[in-house]
Each structure stands twice: as structure tokens, then as C-alpha cells.
Number of protein chains: 2
Amino acid sequence: MTSSAPRSLPVPRAVLFDAFGTLFDVHSVAVRAEQRFPGAGERLSQLWRDKQIEYSRLVSMSGRYQPFWDLTRAALQHAAQRLGLALGPGEEDALMNEYRHLSAFPEVAEVLRALRSRGVRAGMLSNGDPPMLAVAVRSAGFDEWLDPVLSVHTVQRYKTDPAAYALGTAALELPAREVLFVSSNGWDAIGATWFGYTTLWVNRQGLPIDPLGTEPTRTAANLRAVLDFFPAT
Amino acid sequence: MTSSAPRSLPVPRAVLFDAFGTLFDVHSVAVRAEQRFPGAGERLSQLWRDKQIEYSRLVSMSGRYQPFWDLTRAALQHAAQRLGLALGPGEEDALMNEYRHLSAFPEVAEVLRALRSRGVRAGMLSNGDPPMLAVAVRSAGFDEWLDPVLSVHTVQRYKTDPAAYALGTAALELPAREVLFVSSNGWDAIGATWFGYTTLWVNRQGLPIDPLGTEPTRTAANLRAVLDFFPAT
């Protein structure tokens with residue numbers, strides 16, 4: 001499905017956003033990695049991200065939850081070692097601290113304001129642990145715009161475990177199909193669709209879908225497509 | 001832990017091997033990919049493998065099991081599309097069929113023979129579905145050497161879900177610590193260690209360990225290290 005056909009869309013009653021990569025741009029992490037390791041920053045940040053996600057799945061599948069911050073650090077250590085990059089403790093902290101100063105994507109504030117003006121509740125449901133989410137939301141100035149801010153830490157299961165997605169329906173007291181779940185991660189959009197959410201995959205990088213027999217309700221190139229679900233009245 | 005220090009090892013009563021990459025060399029898959037897409041075969045086979053494992057975790061975490069053969073095909077389709085490689089149906093089948101003609105690593109037969117001569121039962125526990133495993137075992141000539149041959153298909157949960165590892169202890173009727181679980185996948189060795197198995201990580205590629213707070217009982221460069229756990233009497 002492409003973003004070109006504004007077909008008849010369901011009209012959800014609330015929105016839940018994924019955090020990292022969806023609302024918050026983690027590009028600055030890659031920039032910092034490139035500054036430190038010219039020519040290898042891209043590979044480092046990609047492997048770091050891949051390992052971060054892989055670790056979240058491994059500990060979750062095995063019932064061995066560890067907070068996302070700790071997994072993010074373990075992933076960085078492994079990625080640097082695997083690529084043969086020497087990473088001192090200070091440098092490791094400097095890269096980790098990029099997660100404390102993330103920018104929001106340029107369209108986020110406008111979308112959140114428009115949702116509020118249309119009377120639509122907007123929250124967040126993230127793999128990040130509560131301290132990571134609190135810092136990211138505050139530094140982007142979204143404290144007043146996102147409610148609830150939900151972390152999988154509560155259930156100690158990472159997405160795509162149904163227990164993680166169920167945090168959203170429980171907090172919003174809505175059936176899943178009446179909630180629009182928005183993620184820039186294809187696997188997250190698919191997992192949320194399996195759970196029953198109405199979904200929007202913000203496919204910023206133009207990736208092919210993972211062909212697992214399920215497609216997000218809609219796919220678009222940026223977050224403004226959220227507003228197509230909520231016509232201005 | 002490295003393979004250099006033959007410390008005091010536990011003496012298990014049986015061995016369970018992972019299949020793909022551990023007993024069976026999937027290198028021929030990469031060779032075929034390179035023949036078809038010169039210069040891109042390595043990237044294709046790596047992304048294919050990464051996606052194959054990723055999909056197994058996604059469907060398992062979401063309670064949406066699909067057989068490994070189907071996930072392997074979906075992973076190939078996605079990987080080719082993502083890399084912009086045109087893959088006709090016949091070519092897709094040709095690559096998939098490499099999984100039907102895998103070679104065993106050179107030391108496998110010798111290790112299996114030695115285990116038998118030492119009175120140690122040797123089986124297999126794999127993410128592969130039963131038809132994939134039957135073909136791989138038969139084409140390598142291991143029918144008489146591996147018992148039991150266990151597929152996660154039975155429980156519809158992929159490793160590292162404890163339900164998958166529990167197939168081994170149930171079939172062998174042994175506590176986990178009395179079984180040596182052998183895998184060339186670091187994540188599999190860690191998952192099996194979490195489950196309680198005595199473990200050997202056959203780290204053929206010399207990768208750094210995933211720093212998740214758990215280490216395999218032992219790490220070595222090839223399968224012969226299995227025999228160190230079972231001294232000849």
C-alpha cells in the first residue's frame with residue numbers, strides 16, 4: 001500500500017506514537033559516531049541500532065528483561081568491538097548521551113498541535129525505559145503534548161510482545177482498532193497490526209515491507225499522514 | 001572465556017546440536033548468491049540470514065508462528081528487494097534449494113563417531129521445520145547419528161523462547177545442566193545458557209560475545225571442543 005491513495009480510512013479515537021526514529025530523530029547519534037570514527041560512523045551506528053533491537057528481542061523472548069538503556073550500552077560496546085573500533089569509557093558515555101539530546105522530526109510539533117485542535121488524544125508507547133523517555137520528551141518540549149507516555153518497562157516485555165502493546169489499550173481504555181499506532185519501524189507497525197491496532201508505518205527510508213503476511217493499515221513517508229485519519233471538522 | 005584454558009568442565013550426559021551454521025555449513029548458499037549477483041552475493045546472503053533470524057523472533061514474540069522454510073523465503077524476497085536485486089521465481093527457488101543440499105562441516109562426522117564410541121547420545125534442536133531438518137540430516141548422511149532430531153515446530157516458538165529449549169530436556173529426560181547444548185550462534189548459546197544448559201559456543205568467525213551478562217560454559221573455534229566435555233575412558 002502506498003501513501004498516494006487516500007482510501008476510506010478507519011477513524012480512531014486516539015493515537016499512540018513509537019518514540020525513537022518515529023518522533024525523535026536519532027540521526028545525531030550517527031553524526032557523533034562519524035565524528036569520532038570518520039568513515040566508520042555509519043557502520044557503527046547501524047550495527048549499534050541493529051544490536052540494540054536484537055538484544056531487546058533476545059532478553060524478552062527468554063524472559064530476561066534488562067532496561068533499554070542497558071541494552072543500548074551493551075549494543076554499543078559489542079558493535080565497536082566487532083568493528084575493531086577502540087572506544088574509551090568517556091567516548092562510550094559521549095555516544096550514549098546523544099540519546100539525552102535528541103531532536104524531534106520537524107513535522108512532529110505541528111502534528112501534535114493539529115491532533116489536539118481536533119480533540120484527539122496523543123500518547124507514546126516505547127521500548128525505552130522511563131528515564132530515557134522522560135528525558136527525550138522533556139528535551140523536545142513535548143511534556144504537555146503526550147499523554148500517556150508508556151514504557152514497556154512496566155511489563156518487562158519488549159515490542160512485539162502482545163503484553164507490550166496491551167499497555168496502550170489498557171491506558172487508553174479503548175479497543176485496539178480504535179487506536180492509531182504510529183511507528184517508523186516496519187516490524188513495530190506489523191507487530192502492532194497483529195495486536196489489532198489501526199496502524200500507520202512512517203516509512204521514512206522507503207524500505208520494502210517485511211513480507212510476513214500482514215500489512216499496516218497505511219504507509220506514508222512522514223508523520224503528517226497521521227492527520228488523514230482525523231479529518232478537521 | 002577462550003578455548004585456551006581447559007578448566008574443569010562439567011560432564012554432561014548427552015549433547016544437543018543446533019543445525020544451520022553449527023552442523024551444516026550454509027556457505028554454499030552465499031556461493032550461489034554470489035554466482036547469481038556477482039559483487040552483491042555476500043551482502044544478499046548476510047541480509048537474508050539476518051532477516052531470517054529477525055522474522056523468527058518477530059513471529060515468535062507475537063505468537064504468530066510461521067514455519068522456518070516460509071520465513072526463509074520471505075527473508076530472501078525482502079533482502080533481494082531491499083538491495084535492488086531482481087530475483088525471478090526460478091532464481092528464488094534455486095537459492096532456496098541450496099538449503100536442501102547443505103554440507104556438514106568437515107569435523108562433524110568425526111565428532112559424532114567419537115561421541116558414540118564414548119557412549120554419549122547426540123541429538124539436534126533446531127529452528128528449522130521438520131521437512132528442512134529431515135532433508136539436511138539425510139543429505140549429510142547423519143540419520144543414524146542424530147537422535148532425537150527436534151524442531152521448534154512442535155511448540156511453535158523459536159529459540160530463544162524457553163519453550164523451544166525445553167523440547168530438549170523433555171526428549172532426553174535429563175535436567176538441562178546435564179545436557180551440552182552446542183551452537184555456532186552466540187545468541188543461541190546465550191539463550192541456552194539462560195535456559196540452564198551446559199553450553200559450547202562454536203565461534204567459527206571469532207566474533208565478540210554479546211555482552212548480556214551471561215557467557216556460554218565454553219567457547220571454542222570448532223566442534224572438536226565438544227569432545228573435551230567427554231574424556232575418553
# chains A, B, ... in the order shown; residues from 1 in each chain; ligands from 1
$ interface_residues --of "chain A" --to "chain B" --cutoff "10 Å" --atoms "only C-alpha atoms" --output "PyMOL selection string"
chain A and resi 50-51+53-55+57-64+66+70-71+73-83+157-163+187-188+190-192+194-195+206-213
$ calpha_fit_and_write --fixed "chain B" --moving "chain A" --output "mmCIF file with C-alpha atoms, in the first residue's frame"
data_model
loop_
_atom_site.group_PDB
_atom_site.id
_atom_site.type_symbol
_atom_site.label_atom_id
_atom_site.label_comp_id
_atom_site.auth_asym_id
_atom_site.auth_seq_id
_atom_site.Cartn_x
_atom_site.Cartn_y
_atom_site.Cartn_z
ATOM 1 C CA MET A 1 36.412 -17.218 28.061
ATOM 2 C CA THR A 2 38.705 -18.642 25.406
ATOM 3 C CA SER A 3 39.261 -22.162 24.233
ATOM 4 C CA SER A 4 42.824 -22.160 25.489
ATOM 5 C CA ALA A 5 42.135 -23.079 29.104
ATOM 6 C CA PRO A 6 40.771 -26.612 29.531
ATOM 7 C CA ARG A 7 39.433 -25.817 32.974
ATOM 8 C CA SER A 8 37.417 -28.246 34.969
ATOM 9 C CA LEU A 9 34.368 -28.879 32.844
ATOM 10 C CA PRO A 10 31.039 -30.310 33.813
ATOM 11 C CA VAL A 11 30.418 -33.788 32.416
ATOM 12 C CA PRO A 12 27.048 -33.784 30.658
ATOM 13 C CA ARG A 13 25.216 -36.953 29.754
ATOM 14 C CA ALA A 14 24.066 -35.977 26.270
ATOM 15 C CA VAL A 15 24.645 -33.418 23.517
ATOM 16 C CA LEU A 16 22.198 -31.307 21.546
ATOM 17 C CA PHE A 17 23.466 -29.586 18.428
ATOM 18 C CA ASP A 18 21.984 -26.590 16.690
ATOM 19 C CA ALA A 19 21.691 -27.268 12.940
ATOM 20 C CA PHE A 20 22.319 -24.441 10.485
ATOM 21 C CA GLY A 21 25.766 -22.945 10.811
ATOM 22 C CA THR A 22 26.652 -25.399 13.570
ATOM 23 C CA LEU A 23 26.488 -28.852 11.954
ATOM 24 C CA PHE A 24 25.569 -27.720 8.454
ATOM 25 C CA ASP A 25 27.645 -25.245 6.514
ATOM 26 C CA VAL A 26 25.415 -22.666 4.850
ATOM 27 C CA HIS A 27 28.359 -21.209 2.936
ATOM 28 C CA SER A 28 27.111 -22.773 -0.298
ATOM 29 C CA VAL A 29 24.105 -20.498 -0.062
ATOM 30 C CA ALA A 30 26.405 -17.490 -0.179
ATOM 31 C CA VAL A 31 28.359 -18.990 -3.058
ATOM 32 C CA ARG A 32 25.195 -19.465 -5.098
ATOM 33 C CA ALA A 33 24.087 -15.901 -4.267
ATOM 34 C CA GLU A 34 27.434 -14.565 -5.458
ATOM 35 C CA GLN A 35 27.187 -16.570 -8.685
ATOM 36 C CA ARG A 36 23.829 -15.016 -9.407
ATOM 37 C CA PHE A 37 24.707 -11.479 -8.252
ATOM 38 C CA PRO A 38 28.463 -11.002 -8.653
ATOM 39 C CA GLY A 39 29.726 -8.460 -6.156
ATOM 40 C CA ALA A 40 26.466 -8.441 -4.181
ATOM 41 C CA GLY A 41 26.199 -12.059 -3.111
ATOM 42 C CA GLU A 42 27.837 -11.487 0.241
ATOM 43 C CA ARG A 43 25.505 -8.623 1.122
ATOM 44 C CA LEU A 44 22.500 -10.593 -0.077
ATOM 45 C CA SER A 45 23.304 -13.710 1.889
ATOM 46 C CA GLN A 46 24.111 -11.696 5.036
ATOM 47 C CA LEU A 47 20.895 -9.662 4.903
ATOM 48 C CA TRP A 48 18.969 -12.832 4.034
ATOM 49 C CA ARG A 49 20.327 -14.568 7.111
ATOM 50 C CA ASP A 50 19.740 -11.542 9.355
ATOM 51 C CA LYS A 51 16.153 -11.243 8.165
ATOM 52 C CA GLN A 52 15.556 -14.973 8.517
ATOM 53 C CA ILE A 53 16.502 -14.777 12.184
ATOM 54 C CA GLU A 54 14.690 -11.480 12.718
ATOM 55 C CA TYR A 55 11.478 -12.916 11.298
ATOM 56 C CA SER A 56 11.713 -15.982 13.523
ATOM 57 C CA ARG A 57 11.859 -13.692 16.543
ATOM 58 C CA LEU A 58 9.068 -11.386 15.408
ATOM 59 C CA VAL A 59 6.524 -14.113 14.739
ATOM 60 C CA SER A 60 7.508 -15.959 17.894
ATOM 61 C CA MET A 61 7.251 -12.891 20.147
ATOM 62 C CA SER A 62 3.890 -12.046 18.637
ATOM 63 C CA GLY A 63 2.497 -15.566 18.904
ATOM 64 C CA ARG A 64 2.243 -15.719 15.103
ATOM 65 C CA TYR A 65 4.373 -18.743 14.274
ATOM 66 C CA GLN A 66 5.186 -19.492 10.644
ATOM 67 C CA PRO A 67 7.434 -22.398 9.582
ATOM 68 C CA PHE A 68 11.127 -21.632 9.123
ATOM 69 C CA TRP A 69 11.038 -22.512 5.436
ATOM 70 C CA ASP A 70 8.375 -19.870 4.820
ATOM 71 C CA LEU A 71 10.272 -17.282 6.855
ATOM 72 C CA THR A 72 13.459 -18.126 4.974
ATOM 73 C CA ARG A 73 11.702 -17.460 1.682
ATOM 74 C CA ALA A 74 10.147 -14.205 2.952
ATOM 75 C CA ALA A 75 13.585 -13.105 4.157
ATOM 76 C CA LEU A 76 15.125 -13.819 0.759
ATOM 77 C CA GLN A 77 12.420 -11.859 -1.031
ATOM 78 C CA HIS A 78 12.828 -8.898 1.278
ATOM 79 C CA ALA A 79 16.627 -8.940 1.139
ATOM 80 C CA ALA A 80 16.695 -9.004 -2.660
ATOM 81 C CA GLN A 81 14.143 -6.216 -2.908
ATOM 82 C CA ARG A 82 15.956 -4.078 -0.375
ATOM 83 C CA LEU A 83 19.229 -4.418 -2.246
ATOM 84 C CA GLY A 84 17.535 -3.706 -5.569
ATOM 85 C CA LEU A 85 18.329 -7.162 -6.953
ATOM 86 C CA ALA A 86 15.846 -8.632 -9.405
ATOM 87 C CA LEU A 87 15.065 -12.188 -8.368
ATOM 88 C CA GLY A 88 12.846 -14.243 -10.637
ATOM 89 C CA PRO A 89 10.759 -17.096 -9.235
ATOM 90 C CA GLY A 90 13.125 -19.685 -10.671
ATOM 91 C CA GLU A 91 16.123 -17.952 -9.135
ATOM 92 C CA GLU A 92 14.363 -17.657 -5.820
ATOM 93 C CA ASP A 93 13.726 -21.394 -5.868
ATOM 94 C CA ALA A 94 17.319 -22.090 -6.858
ATOM 95 C CA LEU A 95 18.608 -20.146 -3.842
ATOM 96 C CA MET A 96 16.070 -21.740 -1.503
ATOM 97 C CA ASN A 97 17.057 -25.173 -2.749
ATOM 98 C CA GLU A 98 20.595 -24.642 -1.524
ATOM 99 C CA TYR A 99 19.107 -25.420 1.879
ATOM 100 C CA ARG A 100 18.348 -28.909 0.589
ATOM 101 C CA HIS A 101 21.963 -29.713 -0.250
ATOM 102 C CA LEU A 102 24.003 -28.403 2.639
ATOM 103 C CA SER A 103 27.311 -29.947 3.544
ATOM 104 C CA ALA A 104 28.269 -30.762 7.080
ATOM 105 C CA PHE A 105 31.364 -29.058 8.458
ATOM 106 C CA PRO A 106 34.407 -31.310 7.999
ATOM 107 C CA GLU A 107 34.802 -32.235 11.671
ATOM 108 C CA VAL A 108 31.174 -33.234 12.294
ATOM 109 C CA ALA A 109 31.333 -36.904 11.307
ATOM 110 C CA GLU A 110 34.442 -37.476 13.415
ATOM 111 C CA VAL A 111 32.856 -35.792 16.443
ATOM 112 C CA LEU A 112 29.630 -37.788 16.118
ATOM 113 C CA ARG A 113 31.572 -41.040 15.825
ATOM 114 C CA ALA A 114 33.689 -40.191 18.863
ATOM 115 C CA LEU A 115 30.614 -39.330 20.917
ATOM 116 C CA ARG A 116 29.039 -42.667 20.038
ATOM 117 C CA SER A 117 32.195 -44.535 20.925
ATOM 118 C CA ARG A 118 32.172 -42.781 24.296
ATOM 119 C CA GLY A 119 28.551 -43.736 24.857
ATOM 120 C CA VAL A 120 27.169 -40.210 24.597
ATOM 121 C CA ARG A 121 23.797 -39.611 23.012
ATOM 122 C CA ALA A 122 23.794 -36.837 20.384
ATOM 123 C CA GLY A 123 20.698 -35.063 19.081
ATOM 124 C CA MET A 124 19.705 -31.876 17.346
ATOM 125 C CA LEU A 125 17.417 -28.991 18.339
ATOM 126 C CA SER A 126 16.776 -26.517 15.567
ATOM 127 C CA ASN A 127 14.583 -23.640 14.432
ATOM 128 C CA GLY A 128 14.222 -25.493 11.133
ATOM 129 C CA ASP A 129 10.881 -27.089 10.430
ATOM 130 C CA PRO A 130 10.713 -30.898 10.241
ATOM 131 C CA PRO A 131 10.954 -31.208 6.423
ATOM 132 C CA MET A 132 14.023 -28.922 6.344
ATOM 133 C CA LEU A 133 15.694 -30.905 9.098
ATOM 134 C CA ALA A 134 14.871 -34.269 7.555
ATOM 135 C CA VAL A 135 16.415 -33.249 4.242
ATOM 136 C CA ALA A 136 19.515 -31.756 5.858
ATOM 137 C CA VAL A 137 20.136 -34.763 8.095
ATOM 138 C CA ARG A 138 19.598 -37.254 5.267
ATOM 139 C CA SER A 139 21.689 -35.403 2.708
ATOM 140 C CA ALA A 140 24.573 -35.230 5.172
ATOM 141 C CA GLY A 141 24.191 -38.933 5.988
ATOM 142 C CA PHE A 142 23.540 -38.378 9.690
ATOM 143 C CA ASP A 143 20.263 -40.302 10.041
ATOM 144 C CA GLU A 144 21.844 -42.909 12.242
ATOM 145 C CA TRP A 145 23.940 -40.505 14.240
ATOM 146 C CA LEU A 146 21.450 -37.935 15.509
ATOM 147 C CA ASP A 147 18.659 -38.875 17.869
ATOM 148 C CA PRO A 148 16.445 -37.096 18.692
ATOM 149 C CA VAL A 149 16.054 -34.583 15.876
ATOM 150 C CA LEU A 150 13.902 -31.876 17.435
ATOM 151 C CA SER A 151 12.197 -28.981 15.671
ATOM 152 C CA VAL A 152 10.706 -25.949 17.400
ATOM 153 C CA HIS A 153 7.761 -26.511 15.069
ATOM 154 C CA THR A 154 6.358 -28.743 17.798
ATOM 155 C CA VAL A 155 5.868 -25.803 20.167
ATOM 156 C CA GLN A 156 5.534 -23.063 17.521
ATOM 157 C CA ARG A 157 8.053 -20.903 19.379
ATOM 158 C CA TYR A 158 11.507 -20.126 18.084
ATOM 159 C CA LYS A 159 14.690 -20.080 20.080
ATOM 160 C CA THR A 160 15.444 -18.305 22.414
ATOM 161 C CA ASP A 161 11.966 -18.932 23.856
ATOM 162 C CA PRO A 162 12.318 -21.304 26.823
ATOM 163 C CA ALA A 163 9.536 -23.445 25.336
ATOM 164 C CA ALA A 164 11.829 -24.199 22.410
ATOM 165 C CA TYR A 165 14.788 -25.191 24.573
ATOM 166 C CA ALA A 166 12.512 -27.270 26.820
ATOM 167 C CA LEU A 167 11.983 -29.662 23.925
ATOM 168 C CA GLY A 168 15.481 -30.973 24.536
ATOM 169 C CA THR A 169 15.208 -31.681 28.221
ATOM 170 C CA ALA A 170 11.804 -33.288 27.713
ATOM 171 C CA ALA A 171 13.006 -35.586 24.928
ATOM 172 C CA LEU A 172 16.220 -36.558 26.696
ATOM 173 C CA GLU A 173 14.575 -36.793 30.128
ATOM 174 C CA LEU A 174 17.547 -35.034 31.646
ATOM 175 C CA PRO A 175 17.924 -31.825 33.625
ATOM 176 C CA ALA A 176 19.267 -29.023 31.442
ATOM 177 C CA ARG A 177 22.650 -28.791 33.164
ATOM 178 C CA GLU A 178 23.337 -32.425 32.238
ATOM 179 C CA VAL A 179 22.937 -31.667 28.551
ATOM 180 C CA LEU A 180 25.622 -29.943 26.489
ATOM 181 C CA PHE A 181 23.961 -27.554 24.042
ATOM 182 C CA VAL A 182 26.196 -26.646 21.117
ATOM 183 C CA SER A 183 25.647 -23.739 18.759
ATOM 184 C CA SER A 184 27.709 -21.552 16.473
ATOM 185 C CA ASN A 185 25.236 -18.718 17.010
ATOM 186 C CA GLY A 186 26.257 -16.617 19.997
ATOM 187 C CA TRP A 187 22.663 -15.640 20.755
ATOM 188 C CA ASP A 188 21.630 -19.302 20.729
ATOM 189 C CA ALA A 189 24.435 -20.247 23.093
ATOM 190 C CA ILE A 190 23.405 -17.426 25.431
ATOM 191 C CA GLY A 191 19.720 -18.346 25.262
ATOM 192 C CA ALA A 192 20.543 -21.974 25.996
ATOM 193 C CA THR A 193 22.716 -20.885 28.928
ATOM 194 C CA TRP A 194 19.859 -18.802 30.302
ATOM 195 C CA PHE A 195 17.648 -21.861 30.004
ATOM 196 C CA GLY A 196 20.097 -23.841 32.099
ATOM 197 C CA TYR A 197 21.997 -25.980 29.596
ATOM 198 C CA THR A 198 25.703 -26.518 29.801
ATOM 199 C CA THR A 199 26.802 -24.752 26.622
ATOM 200 C CA LEU A 200 29.502 -24.604 23.998
ATOM 201 C CA TRP A 201 29.647 -21.643 21.624
ATOM 202 C CA VAL A 202 31.444 -22.699 18.450
ATOM 203 C CA ASN A 203 32.594 -19.232 17.503
ATOM 204 C CA ARG A 204 33.778 -20.017 13.993
ATOM 205 C CA GLN A 205 34.027 -16.397 12.974
ATOM 206 C CA GLY A 206 35.847 -15.111 16.039
ATOM 207 C CA LEU A 207 33.074 -12.667 16.934
ATOM 208 C CA PRO A 208 32.940 -10.786 20.220
ATOM 209 C CA ILE A 209 30.321 -12.088 22.597
ATOM 210 C CA ASP A 210 27.015 -10.287 23.011
ATOM 211 C CA PRO A 211 27.535 -8.677 26.434
ATOM 212 C CA LEU A 212 24.206 -9.549 28.025
ATOM 213 C CA GLY A 213 25.516 -10.653 31.385
ATOM 214 C CA THR A 214 25.738 -14.365 30.566
ATOM 215 C CA GLU A 215 28.504 -16.373 28.977
ATOM 216 C CA PRO A 216 28.435 -19.848 27.478
ATOM 217 C CA THR A 217 30.090 -22.510 29.595
ATOM 218 C CA ARG A 218 32.835 -22.696 26.998
ATOM 219 C CA THR A 219 33.783 -21.083 23.717
ATOM 220 C CA ALA A 220 35.874 -22.716 21.023
ATOM 221 C CA ALA A 221 36.707 -22.384 17.346
ATOM 222 C CA ASN A 222 35.264 -25.664 16.077
ATOM 223 C CA LEU A 223 33.141 -28.615 17.083
ATOM 224 C CA ARG A 224 36.018 -30.795 18.273
ATOM 225 C CA ALA A 225 35.819 -28.950 21.596
ATOM 226 C CA VAL A 226 32.646 -30.954 22.258
ATOM 227 C CA LEU A 227 34.861 -33.936 23.003
ATOM 228 C CA ASP A 228 36.669 -32.090 25.787
ATOM 229 C CA PHE A 229 33.491 -32.473 27.825
ATOM 230 C CA PHE A 230 33.583 -36.253 27.449
ATOM 231 C CA PRO A 231 37.011 -37.665 28.248
ATOM 232 C CA ALA A 232 37.749 -40.962 26.523
ATOM 233 C CA THR A 233 37.788 -43.670 29.151
#
$ select_by_dssp --residues "region 5-190 of chain A" --states "strand (DSSP E)" --output "list in words"
Ala14, Val15, Leu16, Phe17, Phe24, Asp25, Ser103, Ala104, Arg121, Ala122, Gly123, Met124, Leu125, Ser126, Val149, Leu150, Ser151, Val179, Leu180, Phe181, Val182 and Ser183 of chain A
$ select_by_dssp --residues "region 23-232 of chain A" --states "alpha helix (DSSP H)" --output "count of residues only"
96
